Structure formats: structure tokens, C-alpha cells
Amino acid sequence: MNDLAPVAARLTEPQALTPAGFVNDFYPSFWWIPAGILAAALAIKLPSIIRLWTDPLLRAVGGLLVLALSVFVFVAPSTIRWVNQVTGVPNISGPWVYSLLTAFCGSCLLLIITWRDGLSDRSPRTRAAMRWVLGTYAAVIAALWIMFALAEMPEERLRDLDTHYANTPYAREMIVLYLLAHTVATLITNALIWNWVRTDGLDSLLRWGLKFLGVGYALQLAFDAAKLSAVGGRWAGRDLDWLSTAVAPPLACLSAILIAVGFILPHTGQYLHDRRQVRDAVRELRPLYRLMKAGGGGVPRVLRTPPELRLIRRETFIRDGLLALSRFVDADLRARSYEAALALGHPPDRAKALAAAVTVLDAADARSQGRERDGAGSGSGEADTTDLLRDIGAVSRALRCPDEVRAVRERAAAAGAATAAAVATAAAATSADGERAGDPVGHGGTER
């Protein structure tokens with residue numbers, strides 16, 4: 001009896017959890033992880049799909065995500081049992097899941113072909129390839145249901161249908177058909193993707209998206225290899241079911257996540273990039289907007305205003321403000337400021353922006369003091385503000401550097417004072433010469 005104690009103790013000790021054991025323990029809920037991720041990806045993408053419904057590529061990506069999500073929802077054991085009970089047909093979930101997976105593979109292949117060649121540049125060869133994909137995979141789905149109708153599969157299997165019925169007539173053909181169709185689509189898609197990755201001139205987001213797709217489809221090939229090996233093991237009389245039930249599921253889950261990221265990244269990344277550019281443009285205009293706002297008014301704040309609308313409103317308000325300042329703008333000051341900025345070592349574009357900033361600041365000061373241009377030396381009427389209206393971004397950036405603006409303004413003011421002094425001296429000399437020319441007597445006051 002004492003000899004049996006160590007054996008009993010070992011039997012009652014908790015066993016180390018192996019990877020296969022982990023997958024087996026969590027198999028019922030395992031499939032909901034990628035399903036949740038795909039649902040989140042679809043929710044992120046859905047607003048763009050609805051807003052740009054006329055874009056067929058966006059619709060195709062949305063449909064692809066729906067198919068991938070459906071595969072993982074219906075492959076879960078709880079859903080398999082529910083579908084079988086609702087229909088009253090044992091194992092009808094098998095061809096249903098196989099059909100969804102086959103449709104997903106065909107859709108991926110179609111999307112890659114369309115995405116790469118473009119909607120407006122479809123050659124006859126491309127159109128023929130798309131017709132071949134549609135026809136072939138529609139025929140495969142039809143054949144799957146025919147094989148299922150002919151097969152005898154009375155015992156419900158929630159996890160190991162592939163291997164359990166691997167030697168059953170017609171069920172065997174159905175299983176091999178869906179695996180071969182999946183493998184062929186994955187091989188072709190993977191080859192197209194990696195060939196596309198090597199193309200020069202790709203956008204960085206697109207290239208990264210293709211890399212995620214390439215890795216995802218490589219894992220799909222590993223999934224097919226595990227499934228086919230398990231089925232082949234049954235044919236050879238060996239038990240390799242663990243490849244189908246413990247190895248293939250994690251590969252499928254990780255593959256689906258990477259494929260979803262690959263399809264979403266180029267579109268979502270570009271969308272986020274565009275939104276960031278709009279927000280940066282709004283912030284860039286803030287200094288000039290505040291200067292215009294000091295004259296009164298401003299854009300009313302509305303909760304949840306889209307950044308694009310905020311940018312349009314801010315640009316409109318700034319341009320309206322500059323138009324209102326046009327009668328206070330000193331064109332001579334702008335010319336002097338430009339020369340001053342060049343003299344301080346600024347490049348022409350930067351000098352132009354700094355000169356415009358100095359001019360706008362001077363005009364704002366003039367408006368606050370109630371003095372308009374007198375037109376002397378500058379022409380009469382309102383100044384031309386075309387450049388200011390066009391270059392509001394550059395002017396606002398210049399206002400972010402008050403030290404540079406101050407240096408240019410001081411140098412321009414000194415140049416203006418020097419010019420005014422020179423003009424005054426010249427005017428005085430001209431007046432003196434005129435008085436001497438019109439005096440009939442000499443400097444001593446006596447006639448010559």
C-alpha cells in the first residue's frame with residue numbers, strides 16, 4: 001500500500017499545461033478573440049465605407065472583413081451546435097463554414113487583383129482572371145454542398161469534423177476540395193502580394209500593409225499544411241488530429257488578425273495621416289487667427305466640429321480679416337521689410353513671409369489707433385492683399401517667431417526713418433535752392 005502512495009501523489013499533482021492542452025482547454029472561446037478584433041476593425045472602417053460608398057475598393061474591404069468575421073463566428077463550437085440544432089441537420093455547419101472560408105479566399109484574390117491593377121486600368125487579361133476566380137470559387141462552393149448532400153455524416157462533430165470524416169465517401173472529397181481551394185487561393189494571393197511589395201515607388205503605408213498581408217497569408221499556408229497533414233495522417237492510419245485541433249486554430253487566428261491589419265492599414269493610415277495634416281494646419285493658423293480675432297469677432301465654437309470644417313472656418317475668418325485690414329496696409333513698409341529680412345540672411349520665401357507678418361502687425365496697430373494709410377508714397381486706395389490671402393499659412397508660421405519678426409520690423413523702421421530723413425534733407429535743399437533762385441538781391445541785401 002505504501003508503494004502506491006508515490007504513484008497516487010503523482011497522479012494528483014497538477015500537470016504542466018502544454019501548448020496543445022492550452023488550445024484544447026480554451027478551444028470553445030478561442031475563436032471569439034479574432035472575431036472581436038475583426039469586429040473592431042470593421043467598426044473602425046465602417047464610417048469611411050458609408051461616407052465613401054461609391055468607392056468599390058472600400059466596399060470590397062468591408063465585405064472581406066464581414067466574411068472573415070463570419071468565418072470565426074460560425075466556426076466557434078457554440079455556433080456550430082446552434083446552427084445544427086436550428087436546421088435539424090447534423091454537421092451542416094461544416095459545408096457552411098467551408099463555403100464562407102472559400103468565399104473569403106476568392107474575395108481576397110479578387111481584391112488583390114483589383115487593388116493592384118486599379119479600377120480604371122483593367123486589361124483583358126485582368127478581367128479574364130477575375131472571371132476565372134469568380135467562376136471557379138462559385139463552382140467550388142456549389143460542389144461542397146453537393147458532396148455534403150451525398151455524404152453520410154450522422155454523428156455531430158464540433159471540433160474534429162475534418163479528421164473524423166476523412167475516410168468517409170464524399171465527405172472526404174468535400175474536405176479535400178475546400179482545403180485545396182483554400183491552398184491554391186492562398187498561394188496565388190501570397191505570390192501576388194510579395195511580387196507587389198518588391199515594386200518601386202510604393203507608399204510606405206501601402207508597403208507595410210502588403211507586408212502584413214504577406215505574413216498573414218504565409219500563416220494561412222501553414223494552416224493548410226497542418227490540416228492536410230492531419231487528414232493525410234488519417235488516410236495513413238496515424239493519429240495526427242492534434243495538428244488540426246491544436247496547431248491549425250492559433251495559426252488561423254493570427255493569420256486573420258494580420259490580414260485584417262494589412263487591408264486596413266493603407267486606408268486607415270492614410271485617413272489618420274490626412275486628419276493629422278488638417279489638425280496641424282488648424283494649429284498652424286492659430287497665431288494669425290488670434291491676431292485677426294483681436295479686431296473683434298471670431299469663429300463660434302461648436303462641439304464635435306470636424307477638423308476639416310474648423311480649418312475651412314478659420315481660413316475664411318482670417319481672409320475676411322485681412323480684407324478688412326487692406327486699407328491699413330502699408331505697401332512701402334512691406335517692401336522695406338522684405339529687403340530687411342534679406343539683409344538679415346533669410347531666404348527669399350522666408351523673407352517674404354516675415355515681411356508679410358510685419359505688414360499685418362503694422363496694419364493691425366494702425367486699425368487699433370484709427371489711422372488709415374494716407375496714400376503718400378504708396379498709391380491711393382486699398383492695398384493689394386492677394387499675396388497675403390494666398391500665403392496665410394506662411395504668414396502665421398512667421399508670427400510664431402516673434403524675435404525674427406521684431407528684428408525685421410526694427411530694421412525696416414530704421415530704413416524707413418533713414419529714407420524719410422534723406423527725403424526731408426533733399427526737400428529742404430530743393431526749397432533753399434528755389435528761394436535763392438527767386439531772390440533778386442544778393443546775399444548781402446544790396447543790388448548788384
# chains A, B, ... in the order shown; residues from 1 in each chain; ligands from 1
call {"tool": "residues_around", "arguments": {"residues": "segment 165-173 of chain A", "least_positions_apart": "6", "cutoff": "10 Å", "atoms": "only C-alpha atoms", "output": "list of chain:residue names"}}
result
A:Gly94, A:Pro95, A:Ala143, A:Leu144, A:Ile146, A:Met147, A:Phe148, A:Ala149, A:Leu150, A:Ala151, A:Glu152, A:Met153, A:Glu155, A:Arg157, A:Leu179, A:Ala230, A:Val231, A:Gly232, A:Gly233, A:Arg234, A:Trp235
call {"tool": "write_last_selection", "arguments": {"atoms": "C-alpha atoms", "output": "PDB file, in the first residue's frame"}}
result
ATOM      1  CA  GLY A  94     -19.335  22.020 -41.930  1.00  0.00           C
ATOM      2  CA  PRO A  95     -20.153  22.980 -45.535  1.00  0.00           C
ATOM      3  CA  ALA A 143     -19.575  21.295 -55.214  1.00  0.00           C
ATOM      4  CA  LEU A 144     -19.110  21.465 -51.424  1.00  0.00           C
ATOM      5  CA  ILE A 146     -23.346  18.578 -53.404  1.00  0.00           C
ATOM      6  CA  MET A 147     -20.678  16.477 -51.653  1.00  0.00           C
ATOM      7  CA  PHE A 148     -22.286  17.154 -48.275  1.00  0.00           C
ATOM      8  CA  ALA A 149     -25.698  16.069 -49.596  1.00  0.00           C
ATOM      9  CA  LEU A 150     -24.205  12.786 -50.832  1.00  0.00           C
ATOM     10  CA  ALA A 151     -22.148  12.059 -47.713  1.00  0.00           C
ATOM     11  CA  GLU A 152     -23.288  10.073 -44.682  1.00  0.00           C
ATOM     12  CA  MET A 153     -22.313  12.179 -41.634  1.00  0.00           C
ATOM     13  CA  GLU A 155     -22.538  11.966 -35.850  1.00  0.00           C
ATOM     14  CA  ARG A 157     -18.589  16.777 -34.584  1.00  0.00           C
ATOM     15  CA  LEU A 179      -8.561  22.657 -48.380  1.00  0.00           C
ATOM     16  CA  ALA A 230      -3.876  15.668 -40.180  1.00  0.00           C
ATOM     17  CA  VAL A 231      -6.195  14.380 -42.925  1.00  0.00           C
ATOM     18  CA  GLY A 232      -3.309  12.554 -44.590  1.00  0.00           C
ATOM     19  CA  GLY A 233      -2.434  11.001 -41.251  1.00  0.00           C
ATOM     20  CA  ARG A 234      -5.939   9.535 -41.050  1.00  0.00           C
ATOM     21  CA  TRP A 235      -5.501   8.043 -44.521  1.00  0.00           C
TER      22      TRP A 235
END
call {"tool": "residues_around", "arguments": {"residues": "Ala138 of chain A", "least_positions_apart": "5", "cutoff": "9 Å", "atoms": "only C-alpha atoms", "output": "list in words"}}
result
Thr102, Ala103, Gly106, Val133 and Ala143 of chain A
call {"tool": "closest_residue", "arguments": {"among": "A:Val261, A:Leu158, A:Met292, A:Ile50", "to": "Arg319 of chain A", "atoms": "only C-alpha atoms"}}
result
A:Met292
call {"tool": "closest_residue", "arguments": {"among": "A:Leu101, A:Ile80, A:Ala324, A:Val61", "to": "Pro266 of chain A", "atoms": "only C-alpha atoms"}}
result
A:Val61
call {"tool": "residues_around", "arguments": {"residues": "Ala129 of chain A", "least_positions_apart": "4", "cutoff": "12 Å", "atoms": "only C-alpha atoms", "output": "ChimeraX atom specification"}}
result
/A:106,109-114,117,122-125,133-136,188
call {"tool": "select_by_dssp", "arguments": {"residues": "segment 24-163 of chain A", "states": "alpha helix (DSSP H)", "output": "compact mmCIF listing (two decimals) with N, CA and C atoms, in the first residue's frame"}}
result
# COMPACT_ATOMS: atom_id res chain seq x y z
N ASN A 24 -6.70 23.23 -26.39
CA ASN A 24 -7.85 22.37 -26.14
C ASN A 24 -8.74 22.91 -25.03
N ASP A 25 -8.10 23.44 -23.97
CA ASP A 25 -8.88 23.97 -22.86
C ASP A 25 -9.67 25.21 -23.25
N PHE A 26 -9.06 26.05 -24.07
CA PHE A 26 -9.71 27.32 -24.43
C PHE A 26 -10.36 27.28 -25.81
N TYR A 27 -10.46 26.09 -26.39
CA TYR A 27 -10.99 25.98 -27.75
C TYR A 27 -12.38 26.57 -27.89
N PRO A 28 -13.32 26.34 -26.97
CA PRO A 28 -14.68 26.88 -27.16
C PRO A 28 -14.73 28.40 -27.29
N SER A 29 -13.87 29.11 -26.54
CA SER A 29 -13.88 30.57 -26.59
C SER A 29 -12.73 31.14 -27.41
N PHE A 30 -11.87 30.23 -27.92
CA PHE A 30 -10.67 30.67 -28.64
C PHE A 30 -11.02 31.52 -29.86
N TRP A 32 -13.47 33.49 -30.47
CA TRP A 32 -14.08 34.80 -30.29
C TRP A 32 -13.02 35.91 -30.19
N ILE A 33 -11.77 35.55 -29.97
CA ILE A 33 -10.71 36.57 -29.90
C ILE A 33 -10.51 37.23 -31.27
N PRO A 34 -10.20 36.45 -32.33
CA PRO A 34 -10.08 37.11 -33.65
C PRO A 34 -11.40 37.70 -34.13
N ALA A 35 -12.53 37.07 -33.74
CA ALA A 35 -13.83 37.64 -34.13
C ALA A 35 -14.00 39.03 -33.55
N GLY A 36 -13.61 39.21 -32.28
CA GLY A 36 -13.71 40.54 -31.66
C GLY A 36 -12.79 41.54 -32.32
N ILE A 37 -11.58 41.11 -32.66
CA ILE A 37 -10.63 42.02 -33.32
C ILE A 37 -11.14 42.41 -34.70
N LEU A 38 -11.65 41.44 -35.45
CA LEU A 38 -12.20 41.75 -36.78
C LEU A 38 -13.42 42.66 -36.68
N ALA A 39 -14.25 42.44 -35.65
CA ALA A 39 -15.42 43.31 -35.46
C ALA A 39 -14.98 44.74 -35.16
N ALA A 40 -13.93 44.88 -34.34
CA ALA A 40 -13.42 46.23 -34.05
C ALA A 40 -12.85 46.87 -35.31
N ALA A 41 -12.14 46.08 -36.11
CA ALA A 41 -11.59 46.62 -37.37
C ALA A 41 -12.72 47.06 -38.31
N LEU A 42 -13.78 46.27 -38.37
CA LEU A 42 -14.92 46.63 -39.21
C LEU A 42 -15.60 47.89 -38.70
N ALA A 43 -15.71 48.02 -37.37
CA ALA A 43 -16.33 49.22 -36.79
C ALA A 43 -15.50 50.46 -37.09
N ILE A 44 -14.18 50.32 -37.06
CA ILE A 44 -13.30 51.45 -37.38
C ILE A 44 -13.45 51.84 -38.83
N LYS A 45 -13.58 50.85 -39.69
CA LYS A 45 -13.63 51.10 -41.14
C LYS A 45 -15.02 51.51 -41.62
N LEU A 46 -16.06 51.16 -40.85
CA LEU A 46 -17.43 51.35 -41.33
C LEU A 46 -17.77 52.81 -41.65
N PRO A 47 -17.38 53.80 -40.82
CA PRO A 47 -17.71 55.19 -41.19
C PRO A 47 -17.15 55.61 -42.55
N SER A 48 -15.93 55.20 -42.85
CA SER A 48 -15.34 55.54 -44.15
C SER A 48 -16.08 54.83 -45.27
N ILE A 49 -16.48 53.58 -45.04
CA ILE A 49 -17.20 52.84 -46.08
C ILE A 49 -18.54 53.50 -46.37
N ILE A 50 -19.24 53.92 -45.32
CA ILE A 50 -20.55 54.56 -45.52
C ILE A 50 -20.38 55.92 -46.19
N ARG A 51 -19.37 56.70 -45.73
CA ARG A 51 -19.17 58.03 -46.28
C ARG A 51 -18.70 57.98 -47.74
N PRO A 56 -15.45 51.42 -54.80
CA PRO A 56 -15.63 49.95 -54.80
C PRO A 56 -14.57 49.23 -53.99
N LEU A 57 -13.36 49.79 -53.90
CA LEU A 57 -12.32 49.14 -53.11
C LEU A 57 -12.66 49.15 -51.63
N LEU A 58 -13.19 50.26 -51.15
CA LEU A 58 -13.60 50.33 -49.75
C LEU A 58 -14.74 49.34 -49.48
N ARG A 59 -15.68 49.25 -50.41
CA ARG A 59 -16.76 48.28 -50.23
C ARG A 59 -16.22 46.85 -50.20
N ALA A 60 -15.23 46.60 -51.06
CA ALA A 60 -14.64 45.25 -51.11
C ALA A 60 -13.93 44.92 -49.81
N VAL A 61 -13.20 45.89 -49.25
CA VAL A 61 -12.52 45.67 -47.97
C VAL A 61 -13.55 45.41 -46.87
N GLY A 62 -14.63 46.18 -46.87
CA GLY A 62 -15.68 45.95 -45.89
C GLY A 62 -16.30 44.57 -46.02
N GLY A 63 -16.58 44.15 -47.26
CA GLY A 63 -17.12 42.81 -47.47
C GLY A 63 -16.16 41.73 -47.04
N LEU A 64 -14.87 41.96 -47.27
CA LEU A 64 -13.86 40.99 -46.86
C LEU A 64 -13.82 40.83 -45.34
N LEU A 65 -13.91 41.96 -44.64
CA LEU A 65 -13.93 41.90 -43.17
C LEU A 65 -15.17 41.20 -42.66
N VAL A 66 -16.31 41.41 -43.33
CA VAL A 66 -17.54 40.74 -42.93
C VAL A 66 -17.41 39.23 -43.11
N LEU A 67 -16.82 38.81 -44.24
CA LEU A 67 -16.64 37.37 -44.48
C LEU A 67 -15.69 36.76 -43.45
N ALA A 68 -14.57 37.44 -43.17
CA ALA A 68 -13.62 36.92 -42.19
C ALA A 68 -14.26 36.83 -40.81
N LEU A 69 -15.02 37.86 -40.45
CA LEU A 69 -15.72 37.84 -39.16
C LEU A 69 -16.72 36.69 -39.12
N SER A 70 -17.44 36.47 -40.20
CA SER A 70 -18.44 35.39 -40.25
C SER A 70 -17.79 34.02 -40.08
N VAL A 71 -16.60 33.84 -40.69
CA VAL A 71 -15.90 32.56 -40.56
C VAL A 71 -15.63 32.24 -39.09
N PHE A 72 -15.10 33.22 -38.35
CA PHE A 72 -14.73 32.95 -36.96
C PHE A 72 -15.95 32.88 -36.05
N VAL A 73 -17.03 33.54 -36.40
CA VAL A 73 -18.25 33.43 -35.60
C VAL A 73 -18.87 32.04 -35.77
N PHE A 74 -18.91 31.56 -37.02
CA PHE A 74 -19.60 30.29 -37.28
C PHE A 74 -18.72 29.07 -37.04
N PRO A 77 -17.49 26.44 -31.57
CA PRO A 77 -18.32 25.26 -31.26
C PRO A 77 -19.75 25.59 -30.85
N SER A 78 -19.92 26.66 -30.07
CA SER A 78 -21.28 27.02 -29.65
C SER A 78 -22.15 27.40 -30.84
N THR A 79 -21.57 28.11 -31.82
CA THR A 79 -22.33 28.48 -33.01
C THR A 79 -22.59 27.26 -33.88
N ILE A 80 -21.61 26.37 -33.98
CA ILE A 80 -21.80 25.14 -34.76
C ILE A 80 -22.97 24.34 -34.22
N ARG A 81 -23.00 24.17 -32.90
CA ARG A 81 -24.11 23.42 -32.29
C ARG A 81 -25.45 24.13 -32.53
N TRP A 82 -25.45 25.45 -32.43
CA TRP A 82 -26.70 26.21 -32.61
C TRP A 82 -27.22 26.06 -34.04
N VAL A 83 -26.33 26.20 -35.04
CA VAL A 83 -26.75 26.07 -36.44
C VAL A 83 -27.27 24.67 -36.71
N ASN A 84 -26.59 23.65 -36.18
CA ASN A 84 -27.04 22.28 -36.39
C ASN A 84 -28.42 22.05 -35.77
N GLN A 85 -28.64 22.61 -34.58
CA GLN A 85 -29.93 22.44 -33.91
C GLN A 85 -31.04 23.19 -34.63
N VAL A 86 -30.76 24.41 -35.09
CA VAL A 86 -31.78 25.21 -35.76
C VAL A 86 -32.22 24.55 -37.07
N THR A 87 -31.26 24.05 -37.82
CA THR A 87 -31.57 23.43 -39.12
C THR A 87 -32.03 21.99 -38.97
N SER A 93 -23.12 22.73 -40.36
CA SER A 93 -22.18 23.84 -40.18
C SER A 93 -20.89 23.61 -40.95
N GLY A 94 -20.57 22.32 -41.21
CA GLY A 94 -19.34 22.02 -41.93
C GLY A 94 -19.28 22.68 -43.31
N PRO A 95 -20.19 22.33 -44.22
CA PRO A 95 -20.15 22.98 -45.53
C PRO A 95 -20.43 24.49 -45.47
N TRP A 96 -21.17 24.92 -44.45
CA TRP A 96 -21.45 26.35 -44.32
C TRP A 96 -20.16 27.11 -44.01
N VAL A 97 -19.37 26.62 -43.05
CA VAL A 97 -18.10 27.26 -42.72
C VAL A 97 -17.12 27.13 -43.89
N TYR A 98 -17.11 25.95 -44.53
CA TYR A 98 -16.22 25.76 -45.68
C TYR A 98 -16.58 26.75 -46.80
N SER A 99 -17.86 26.99 -46.99
CA SER A 99 -18.30 27.93 -48.04
C SER A 99 -17.86 29.35 -47.71
N LEU A 100 -18.03 29.73 -46.44
CA LEU A 100 -17.59 31.07 -46.03
C LEU A 100 -16.09 31.23 -46.22
N LEU A 101 -15.32 30.21 -45.83
CA LEU A 101 -13.87 30.27 -45.98
C LEU A 101 -13.47 30.32 -47.44
N THR A 102 -14.15 29.56 -48.28
CA THR A 102 -13.85 29.58 -49.72
C THR A 102 -14.20 30.93 -50.32
N ALA A 103 -15.34 31.49 -49.93
CA ALA A 103 -15.71 32.82 -50.43
C ALA A 103 -14.71 33.86 -49.97
N PHE A 104 -14.23 33.74 -48.74
CA PHE A 104 -13.22 34.67 -48.23
C PHE A 104 -11.95 34.60 -49.07
N CYS A 105 -11.50 33.38 -49.37
CA CYS A 105 -10.28 33.21 -50.17
C CYS A 105 -10.45 33.81 -51.56
N GLY A 106 -11.56 33.52 -52.20
CA GLY A 106 -11.80 34.09 -53.52
C GLY A 106 -11.89 35.61 -53.49
N SER A 107 -12.52 36.16 -52.44
CA SER A 107 -12.63 37.61 -52.32
C SER A 107 -11.27 38.25 -52.12
N CYS A 108 -10.42 37.61 -51.32
CA CYS A 108 -9.05 38.13 -51.13
C CYS A 108 -8.31 38.19 -52.46
N LEU A 109 -8.43 37.12 -53.24
CA LEU A 109 -7.75 37.07 -54.52
C LEU A 109 -8.28 38.14 -55.46
N LEU A 110 -9.60 38.31 -55.51
CA LEU A 110 -10.19 39.35 -56.35
C LEU A 110 -9.75 40.74 -55.92
N LEU A 111 -9.73 40.97 -54.62
CA LEU A 111 -9.37 42.29 -54.12
C LEU A 111 -7.92 42.63 -54.44
N ILE A 112 -7.02 41.66 -54.29
CA ILE A 112 -5.62 41.91 -54.60
C ILE A 112 -5.46 42.24 -56.08
N ILE A 113 -6.15 41.48 -56.95
CA ILE A 113 -6.06 41.73 -58.40
C ILE A 113 -6.59 43.12 -58.73
N THR A 114 -7.75 43.48 -58.16
CA THR A 114 -8.35 44.79 -58.44
C THR A 114 -7.53 45.91 -57.84
N TRP A 115 -7.07 45.71 -56.62
CA TRP A 115 -6.30 46.73 -55.91
C TRP A 115 -5.01 47.05 -56.65
N ARG A 116 -4.35 46.02 -57.14
CA ARG A 116 -3.07 46.25 -57.79
C ARG A 116 -3.25 46.88 -59.16
N ASP A 117 -4.16 46.35 -59.97
CA ASP A 117 -4.30 46.84 -61.34
C ASP A 117 -5.10 48.13 -61.43
N PRO A 124 -7.66 43.18 -70.62
CA PRO A 124 -8.44 41.97 -70.87
C PRO A 124 -7.95 40.78 -70.04
N ARG A 125 -6.64 40.72 -69.82
CA ARG A 125 -6.09 39.63 -69.02
C ARG A 125 -6.57 39.71 -67.57
N THR A 126 -6.64 40.94 -67.04
CA THR A 126 -7.12 41.12 -65.67
C THR A 126 -8.59 40.75 -65.55
N ARG A 127 -9.39 41.20 -66.50
CA ARG A 127 -10.82 40.86 -66.47
C ARG A 127 -11.04 39.36 -66.60
N ALA A 128 -10.23 38.71 -67.44
CA ALA A 128 -10.34 37.26 -67.58
C ALA A 128 -9.97 36.55 -66.28
N ALA A 129 -8.93 37.06 -65.60
CA ALA A 129 -8.53 36.46 -64.32
C ALA A 129 -9.63 36.61 -63.28
N MET A 130 -10.28 37.77 -63.25
CA MET A 130 -11.36 37.98 -62.28
C MET A 130 -12.55 37.06 -62.59
N ARG A 131 -12.86 36.90 -63.86
CA ARG A 131 -13.96 35.99 -64.22
C ARG A 131 -13.61 34.55 -63.83
N TRP A 132 -12.35 34.17 -64.01
CA TRP A 132 -11.92 32.83 -63.66
C TRP A 132 -12.06 32.60 -62.16
N VAL A 133 -11.65 33.58 -61.37
CA VAL A 133 -11.76 33.44 -59.91
C VAL A 133 -13.22 33.31 -59.50
N LEU A 134 -14.07 34.19 -60.02
CA LEU A 134 -15.49 34.14 -59.66
C LEU A 134 -16.11 32.80 -60.04
N GLY A 135 -15.86 32.37 -61.27
CA GLY A 135 -16.45 31.12 -61.73
C GLY A 135 -15.94 29.91 -60.97
N THR A 136 -14.63 29.86 -60.75
CA THR A 136 -14.03 28.70 -60.09
C THR A 136 -14.51 28.57 -58.66
N TYR A 137 -14.49 29.66 -57.90
CA TYR A 137 -14.84 29.55 -56.49
C TYR A 137 -16.35 29.44 -56.27
N ALA A 138 -17.14 29.94 -57.19
CA ALA A 138 -18.58 29.67 -57.12
C ALA A 138 -18.85 28.19 -57.37
N ALA A 139 -18.11 27.60 -58.32
CA ALA A 139 -18.28 26.17 -58.59
C ALA A 139 -17.81 25.33 -57.41
N VAL A 140 -16.73 25.76 -56.75
CA VAL A 140 -16.24 25.02 -55.59
C VAL A 140 -17.30 25.02 -54.48
N ILE A 141 -17.89 26.18 -54.22
CA ILE A 141 -18.91 26.27 -53.16
C ILE A 141 -20.11 25.38 -53.50
N ALA A 142 -20.51 25.39 -54.77
CA ALA A 142 -21.62 24.52 -55.17
C ALA A 142 -21.25 23.05 -54.98
N ALA A 143 -20.02 22.69 -55.35
CA ALA A 143 -19.58 21.30 -55.21
C ALA A 143 -19.52 20.87 -53.75
N LEU A 144 -19.16 21.80 -52.85
CA LEU A 144 -19.11 21.46 -51.42
C LEU A 144 -20.48 21.01 -50.92
N TRP A 145 -21.52 21.72 -51.33
CA TRP A 145 -22.87 21.36 -50.87
C TRP A 145 -23.36 20.07 -51.52
N ILE A 146 -22.96 19.84 -52.75
CA ILE A 146 -23.35 18.58 -53.40
C ILE A 146 -22.69 17.39 -52.69
N MET A 147 -21.38 17.54 -52.37
CA MET A 147 -20.68 16.48 -51.65
C MET A 147 -21.29 16.23 -50.27
N PHE A 148 -21.67 17.30 -49.60
CA PHE A 148 -22.29 17.15 -48.27
C PHE A 148 -23.63 16.42 -48.38
N ALA A 149 -24.40 16.73 -49.42
CA ALA A 149 -25.70 16.07 -49.60
C ALA A 149 -25.53 14.58 -49.87
N LEU A 150 -24.43 14.19 -50.51
CA LEU A 150 -24.20 12.79 -50.83
C LEU A 150 -23.54 12.01 -49.70
N LEU A 161 -14.28 17.63 -37.27
CA LEU A 161 -15.03 17.13 -38.42
C LEU A 161 -14.09 16.73 -39.55
N ASP A 162 -13.01 17.54 -39.77
CA ASP A 162 -12.09 17.27 -40.88
C ASP A 162 -11.46 15.89 -40.77
N THR A 163 -10.97 15.57 -39.59
CA THR A 163 -10.26 14.31 -39.43
C THR A 163 -11.21 13.13 -39.16
call {"tool": "atom_distance", "arguments": {"atom1": "atom CA of Gly209 of chain A", "atom2": "atom CA of Ala226 of chain A"}}
result
25.9 Å
call {"tool": "residues_around", "arguments": {"residues": "Trp196 of chain A", "least_positions_apart": "6", "cutoff": "10 Å", "atoms": "only C-alpha atoms", "output": "list in words"}}
result
Ile112, Arg116, Asn190, Leu202, Arg207, Leu210 and Lys211 of chain A
